Amino acid sequence: MIMKRINRLLIAGLMLFSTTFGLKAQLDFDSFLEAGIVDANKLLQNYMQPAFEGFGYGLASGWYNTAKTHKTLGFDLSLTISAARVPSSAEFFTFRNSDYSNVRYDGGASVDIPTMFGPNLGADDLPQLTFLDPDTGDEIVRISAPTGLGVEEGFMPFNAVPVPMAQIGIGLPKGFELKLRYVPEQTIEEDGSVKLFGIGLMHDIKQWLPGEKILPFDLSAFVGYTSMTAQACIDVDQDQVAEFDASSLVVQAVISKKILFMTAFAGLGYSNYDIGLNLLGTYTTETSSFTDPISLSYKNNGIRTNVGVRMKLLFLTLTGEYAFQEYNTMSLGVGFSFR
């Protein structure tokens, strides 16, 4: 029953993201396509960048809360919610006329436009963009640039991309611990579907150090991989869908120290992500028809450092973690651990 509820919460959170955070509501999508596929992809790539980058960084979080591996067949079950903070530099992107063939800003050579995780501005505060016919160069429509979601003005206390995650850890012989993230394919009415798989392996490397029994800390190596795919329905009657896929790899050295019921831990290593979004189906505008028009891709990698603390009361664990990376990420977790 507990695992079923955790899965429902996880699926709801993943579907919130995989439906592209209100893509249909925030954008005049038909107007974007009027400018042609190349310009439409470039606009969406810039506009949605912090949403997907934040999600990629969030996938690397919540893997562990101690460097001490389980004893053989010991296990834990945990639920984590991570919030990848969007840096202020990612709240806007610079639109340059020279970067586009069929979209222009008439007020100058360039202008700053909110990204999806930028502020929610009114139409009077947004620049006007003119969309041109790719064949004739004639003006088709003039609209306000897209606005942001204004996340910190609404359901979150700061501007961040939320990423929920559930997983289990199982102790293996020789100081190994296997960690699994798994959601079998779930269909949510007519909204779409989502599935997720992640696998991680932690190994106690302290056991190989000279004098390991007198060292006042635990030390392990960890590697973890997560993959998620989702499909969100845009228009059932038109057979229009958004396909989303994301993967993340994290490799870290982990150290921890237990004092009474508190455990402080820290990690240092590397992480990367690879995320794609494809809009499939036929989309018809006033002047043209487009098939499978949008394909976005986001990739990045770098050093990841995190610190955290875990409190254990009998079998219950409460965890707080902060990761230092391009999108600094705060994570809170709750779980049950049995050695």
# chains A, B, ... in the order shown; residues from 1 in each chain; ligands from 1

$ residues_around --residues "segment 197-204 of chain A" --least-positions-apart "3" --cutoff "8 Å" --atoms "only C-alpha atoms" --output "compact mmCIF listing (two decimals) with N, CA and C atoms, in the first residue's frame"
# COMPACT_ATOMS: atom_id res chain seq x y z
N TRP A 63 20.07 9.91 -4.47
CA TRP A 63 20.51 8.52 -4.57
C TRP A 63 20.91 7.92 -3.23
N ALA A 67 27.32 7.01 3.41
CA ALA A 67 28.33 6.24 2.68
C ALA A 67 28.42 4.81 3.20
N LYS A 68 27.70 4.51 4.26
CA LYS A 68 27.73 3.17 4.83
C LYS A 68 26.74 2.27 4.09
N THR A 69 27.23 1.23 3.47
CA THR A 69 26.36 0.33 2.71
C THR A 69 25.59 -0.58 3.66
N GLY A 175 30.32 -5.77 0.69
CA GLY A 175 30.25 -4.31 0.79
C GLY A 175 29.59 -3.60 -0.37
N PHE A 176 28.79 -4.32 -1.14
CA PHE A 176 28.07 -3.71 -2.25
C PHE A 176 26.62 -3.43 -1.84
N GLU A 177 26.05 -2.43 -2.47
CA GLU A 177 24.63 -2.12 -2.27
C GLU A 177 24.01 -1.75 -3.61
N LEU A 178 22.91 -2.38 -3.94
CA LEU A 178 22.19 -2.13 -5.19
C LEU A 178 21.04 -1.18 -4.91
N LYS A 179 20.89 -0.16 -5.77
CA LYS A 179 19.79 0.80 -5.63
C LYS A 179 18.96 0.77 -6.92
N LEU A 180 17.66 0.75 -6.76
CA LEU A 180 16.76 0.64 -7.91
C LEU A 180 15.69 1.72 -7.86
N ARG A 181 15.47 2.33 -9.02
CA ARG A 181 14.35 3.23 -9.23
C ARG A 181 13.50 2.60 -10.34
N TYR A 182 12.22 2.42 -10.09
CA TYR A 182 11.43 1.72 -11.10
C TYR A 182 9.97 2.12 -11.02
N VAL A 183 9.44 2.54 -12.14
CA VAL A 183 8.01 2.74 -12.31
C VAL A 183 7.62 2.07 -13.61
N GLN A 207 36.84 -0.52 3.34
CA GLN A 207 37.32 -1.85 3.76
C GLN A 207 38.67 -2.20 3.14
N ASP A 218 32.88 6.64 7.16
CA ASP A 218 32.59 5.65 6.13
C ASP A 218 32.90 6.27 4.77
N LEU A 219 33.38 5.44 3.85
CA LEU A 219 33.80 5.93 2.53
C LEU A 219 33.38 4.92 1.47
N SER A 220 32.69 5.40 0.45
CA SER A 220 32.20 4.52 -0.62
C SER A 220 32.32 5.20 -1.98
N ALA A 221 32.24 4.38 -3.01
CA ALA A 221 32.14 4.87 -4.39
C ALA A 221 30.74 4.55 -4.89
N PHE A 222 30.19 5.46 -5.68
CA PHE A 222 28.81 5.28 -6.16
C PHE A 222 28.71 5.63 -7.64
N VAL A 223 27.91 4.85 -8.36
CA VAL A 223 27.55 5.17 -9.74
C VAL A 223 26.06 4.89 -9.91
N GLY A 224 25.34 5.81 -10.55
CA GLY A 224 23.90 5.63 -10.73
C GLY A 224 23.44 6.15 -12.08
N TYR A 225 22.48 5.46 -12.67
CA TYR A 225 21.93 5.83 -13.98
C TYR A 225 20.41 5.80 -13.90
N THR A 226 19.77 6.85 -14.42
CA THR A 226 18.31 6.94 -14.44
C THR A 226 17.84 7.24 -15.85
N SER A 227 16.77 6.58 -16.27
CA SER A 227 16.18 6.80 -17.58
C SER A 227 14.67 6.92 -17.44
N MET A 228 14.10 7.92 -18.07
CA MET A 228 12.66 8.11 -18.03
C MET A 228 12.13 8.44 -19.41

$ residues_around --residues "Asp135 of chain A" --least-positions-apart "5" --cutoff "10 Å" --atoms "only C-alpha atoms" --output "PyMOL selection string"
chain A and resi 35-36+102

$ select_by_dssp --residues "segment 95-316 of chain A" --states "strand (DSSP E or B)" --output "ChimeraX atom specification"
/A:95-96,103-105,110-114,128-132,139-144,160-172,176-188,192-204,218-235,240-259,262-280,282-284,289-291,294-313,316

$ write_last_selection --atoms "C-alpha atoms" --output "short mmCIF file (atom, residue, chain, number, x, y, z; two decimals), in the first residue's frame"
data_model
loop_
_atom_site.label_atom_id
_atom_site.label_comp_id
_atom_site.auth_asym_id
_atom_site.auth_seq_id
_atom_site.Cartn_x
_atom_site.Cartn_y
_atom_site.Cartn_z
CA PHE A 95 16.30 37.11 -28.92
CA ARG A 96 18.52 38.39 -31.76
CA VAL A 103 10.83 36.15 -36.92
CA ARG A 104 11.89 39.67 -36.00
CA TYR A 105 11.73 42.21 -33.23
CA SER A 110 17.79 42.20 -29.90
CA VAL A 111 15.58 41.94 -26.83
CA ASP A 112 15.41 39.83 -23.65
CA ILE A 113 12.42 37.46 -23.45
CA PRO A 114 11.31 35.38 -20.45
CA GLN A 128 6.15 42.15 -29.82
CA LEU A 129 7.45 39.59 -32.33
CA THR A 130 6.57 39.67 -36.00
CA PHE A 131 6.27 36.35 -37.85
CA LEU A 132 6.90 36.32 -41.60
CA GLU A 139 3.94 39.56 -42.32
CA ILE A 140 1.59 36.83 -41.11
CA VAL A 141 0.97 37.80 -37.52
CA ARG A 142 2.38 39.97 -34.74
CA ILE A 143 2.10 38.62 -31.20
CA SER A 144 3.50 39.19 -27.73
CA ALA A 160 13.04 25.79 -9.22
CA VAL A 161 12.19 22.69 -11.24
CA PRO A 162 10.64 19.98 -9.02
CA VAL A 163 11.71 16.34 -9.50
CA PRO A 164 10.10 13.59 -7.36
CA MET A 165 11.77 10.20 -7.05
CA ALA A 166 11.22 6.87 -5.25
CA GLN A 167 13.76 4.08 -4.88
CA ILE A 168 14.87 1.06 -2.89
CA GLY A 169 18.32 -0.03 -1.75
CA ILE A 170 19.36 -3.63 -1.08
CA GLY A 171 22.54 -4.80 0.66
CA LEU A 172 24.74 -7.31 -1.18
CA PHE A 176 28.07 -3.71 -2.25
CA GLU A 177 24.63 -2.12 -2.27
CA LEU A 178 22.19 -2.13 -5.19
CA LYS A 179 19.79 0.80 -5.63
CA LEU A 180 16.76 0.64 -7.91
CA ARG A 181 14.35 3.23 -9.23
CA TYR A 182 11.43 1.72 -11.10
CA VAL A 183 8.01 2.74 -12.31
CA PRO A 184 6.43 0.35 -14.83
CA GLU A 185 4.64 2.02 -17.70
CA GLN A 186 1.63 3.83 -16.32
CA THR A 187 -1.18 5.33 -18.38
CA ILE A 188 -3.06 8.23 -16.85
CA GLY A 192 -0.43 10.08 -21.61
CA SER A 193 1.94 7.57 -20.08
CA VAL A 194 5.22 7.48 -18.20
CA LYS A 195 7.82 4.90 -17.19
CA LEU A 196 11.10 5.12 -15.35
CA PHE A 197 14.06 2.91 -14.54
CA GLY A 198 17.18 3.65 -12.57
CA ILE A 199 19.98 1.51 -11.23
CA GLY A 200 22.81 2.43 -8.90
CA LEU A 201 25.66 0.60 -7.23
CA MET A 202 27.51 1.66 -4.10
CA HIS A 203 30.65 -0.08 -2.84
CA ASP A 204 32.37 0.28 0.51
CA ASP A 218 32.59 5.65 6.13
CA LEU A 219 33.80 5.93 2.53
CA SER A 220 32.20 4.52 -0.62
CA ALA A 221 32.14 4.87 -4.39
CA PHE A 222 28.81 5.28 -6.16
CA VAL A 223 27.55 5.17 -9.74
CA GLY A 224 23.90 5.63 -10.73
CA TYR A 225 21.93 5.83 -13.98
CA THR A 226 18.31 6.94 -14.44
CA SER A 227 16.18 6.80 -17.58
CA MET A 228 12.66 8.11 -18.03
CA THR A 229 10.30 8.22 -21.01
CA ALA A 230 6.89 9.82 -21.16
CA GLN A 231 4.22 10.55 -23.73
CA ALA A 232 1.70 13.36 -23.29
CA CYS A 233 -1.39 13.80 -25.44
CA ILE A 234 -1.72 17.25 -27.00
CA ASP A 235 -4.83 16.62 -29.09
CA GLN A 240 -0.82 14.92 -31.66
CA VAL A 241 1.53 13.81 -28.89
CA ALA A 242 4.66 15.01 -27.10
CA GLU A 243 7.34 12.39 -26.49
CA PHE A 244 9.81 13.10 -23.72
CA ASP A 245 12.92 11.12 -22.79
CA ALA A 246 15.58 11.85 -20.19
CA SER A 247 18.62 10.09 -18.80
CA SER A 248 21.18 10.98 -16.15
CA LEU A 249 24.47 9.47 -14.99
CA VAL A 250 26.19 10.31 -11.70
CA VAL A 251 29.57 9.01 -10.45
CA GLN A 252 30.75 10.10 -7.01
CA ALA A 253 32.93 9.35 -4.01
CA VAL A 254 30.81 9.51 -0.84
CA ILE A 255 31.95 10.08 2.74
CA SER A 256 29.82 10.13 5.89
CA LYS A 257 30.11 10.34 9.65
CA LYS A 258 27.48 9.13 12.13
CA ILE A 259 27.02 10.81 15.50
CA MET A 262 22.52 11.95 12.93
CA THR A 263 24.65 11.21 9.87
CA ALA A 264 26.44 13.93 7.93
CA PHE A 265 27.43 13.01 4.37
CA ALA A 266 29.10 14.57 1.35
CA GLY A 267 29.85 13.55 -2.22
CA LEU A 268 32.20 14.68 -4.97
CA GLY A 269 32.17 13.52 -8.59
CA TYR A 270 30.60 13.92 -12.01
CA SER A 271 27.11 13.99 -13.46
CA ASN A 272 25.54 14.41 -16.88
CA TYR A 273 22.11 14.46 -18.49
CA ASP A 274 20.65 13.92 -21.95
CA ILE A 275 17.08 15.09 -22.57
CA GLY A 276 14.90 15.20 -25.66
CA LEU A 277 11.40 16.37 -26.55
CA ASN A 278 9.61 15.59 -29.82
CA LEU A 279 6.21 16.87 -30.89
CA LEU A 280 4.71 14.31 -33.22
CA THR A 282 0.35 16.83 -38.05
CA TYR A 283 -0.07 20.49 -37.09
CA THR A 284 -2.00 22.78 -39.41
CA SER A 289 0.78 21.96 -42.53
CA PHE A 290 3.68 20.43 -40.61
CA THR A 291 4.39 16.82 -39.64
CA ILE A 294 9.54 19.93 -33.12
CA SER A 295 12.65 18.09 -31.93
CA LEU A 296 14.55 19.57 -28.96
CA SER A 297 17.70 18.26 -27.32
CA TYR A 298 19.55 19.27 -24.15
CA LYS A 299 22.85 17.82 -22.92
CA ASN A 300 25.36 18.88 -20.28
CA ASN A 301 27.87 17.48 -17.80
CA GLY A 302 30.13 18.70 -15.04
CA ILE A 303 31.40 18.40 -11.49
CA ARG A 304 28.80 17.66 -8.82
CA THR A 305 29.36 18.26 -5.10
CA ASN A 306 26.73 17.65 -2.47
CA VAL A 307 26.40 17.80 1.30
CA GLY A 308 23.60 16.58 3.50
CA VAL A 309 22.41 15.25 6.81
CA ARG A 310 20.23 12.30 7.71
CA MET A 311 18.28 11.79 10.93
CA LYS A 312 17.28 8.23 11.79
CA LEU A 313 14.63 7.45 14.38
CA LEU A 316 12.38 6.12 9.93
#

$ closest_atom_pairs --of "segment 10-116 of chain A" --to "segment 323-338 of chain A" --cutoff "12 Å" --atoms "only C-alpha atoms" --output "Markdown table"
| residue | atom | partner | partner_atom | distance |
| --- | --- | --- | --- | --- |
| A:Pro50 | CA | A:Tyr327 | CA | 9.1 |
| A:Ala51 | CA | A:Tyr327 | CA | 10.8 |
| A:Phe52 | CA | A:Tyr327 | CA | 11.2 |
| A:Glu53 | CA | A:Tyr327 | CA | 8.0 |
| A:Gly54 | CA | A:Tyr327 | CA | 6.3 |
| A:Phe55 | CA | A:Tyr327 | CA | 9.6 |
| A:Gly56 | CA | A:Tyr327 | CA | 9.5 |
| A:Tyr57 | CA | A:Tyr327 | CA | 6.7 |
| A:Gly58 | CA | A:Thr329 | CA | 6.7 |
| A:Leu59 | CA | A:Thr329 | CA | 10.1 |
| A:Ala60 | CA | A:Ala323 | CA | 9.4 |
| A:Ser61 | CA | A:Ser331 | CA | 7.1 |
| A:Gly62 | CA | A:Ser331 | CA | 6.7 |
| A:Trp63 | CA | A:Gly333 | CA | 10.2 |
| A:Tyr64 | CA | A:Gly333 | CA | 10.0 |
| A:Asn65 | CA | A:Gly333 | CA | 9.1 |
| A:Thr66 | CA | A:Ser337 | CA | 11.4 |
| A:Thr69 | CA | A:Ser337 | CA | 11.3 |
| A:His70 | CA | A:Phe338 | CA | 8.2 |
| A:Lys71 | CA | A:Phe338 | CA | 9.2 |
| A:Thr72 | CA | A:Phe338 | CA | 10.8 |
| A:Leu73 | CA | A:Phe338 | CA | 9.0 |
| A:Gly74 | CA | A:Phe338 | CA | 5.5 |
| A:Phe75 | CA | A:Phe338 | CA | 5.4 |
| A:Asp76 | CA | A:Ser337 | CA | 4.1 |
| A:Leu77 | CA | A:Phe336 | CA | 5.3 |
| A:Ser78 | CA | A:Gly335 | CA | 3.9 |
| A:Leu79 | CA | A:Val334 | CA | 5.5 |
| A:Thr80 | CA | A:Gly333 | CA | 4.1 |
| A:Ile81 | CA | A:Leu332 | CA | 5.6 |
| A:Ser82 | CA | A:Ser331 | CA | 4.1 |
| A:Ala83 | CA | A:Met330 | CA | 5.3 |
| A:Ala84 | CA | A:Thr329 | CA | 4.2 |
| A:Arg85 | CA | A:Tyr327 | CA | 5.3 |
| A:Val86 | CA | A:Tyr327 | CA | 5.8 |
| A:Pro87 | CA | A:Tyr327 | CA | 6.5 |
| A:Ser88 | CA | A:Tyr327 | CA | 10.3 |
| A:Ser89 | CA | A:Tyr327 | CA | 10.8 |
| A:Ala90 | CA | A:Tyr327 | CA | 9.8 |

$ atom_distance --atom1 "atom CA of Glu91 of chain A" --atom2 "atom CA of Val151 of chain A"
10.8 Å

$ atom_distance --atom1 "atom CA of Gly107 of chain A" --atom2 "atom CA of Pro146 of chain A"
16.5 Å

$ select_by_dssp --residues "segment 165-312 of chain A" --states "helix (DSSP H, G or I)" --output "PyMOL selection string"
chain A and resi 173-175+206-208+212-214

$ atom_distance --atom1 "atom CA of Phe117 of chain A" --atom2 "atom CA of Asn41 of chain A"
17.9 Å

$ residues_around --residues "Thr285 of chain A" --least-positions-apart "3" --cutoff "10 Å" --atoms "only C-alpha atoms" --output "PyMOL selection string"
chain A and resi 29-34+288-290

$ closest_residue --among "A:Glu321, A:Asp106, A:Asp292, A:Asp124" --to "Asp239 of chain A" --atoms "only C-alpha atoms"
A:Asp292
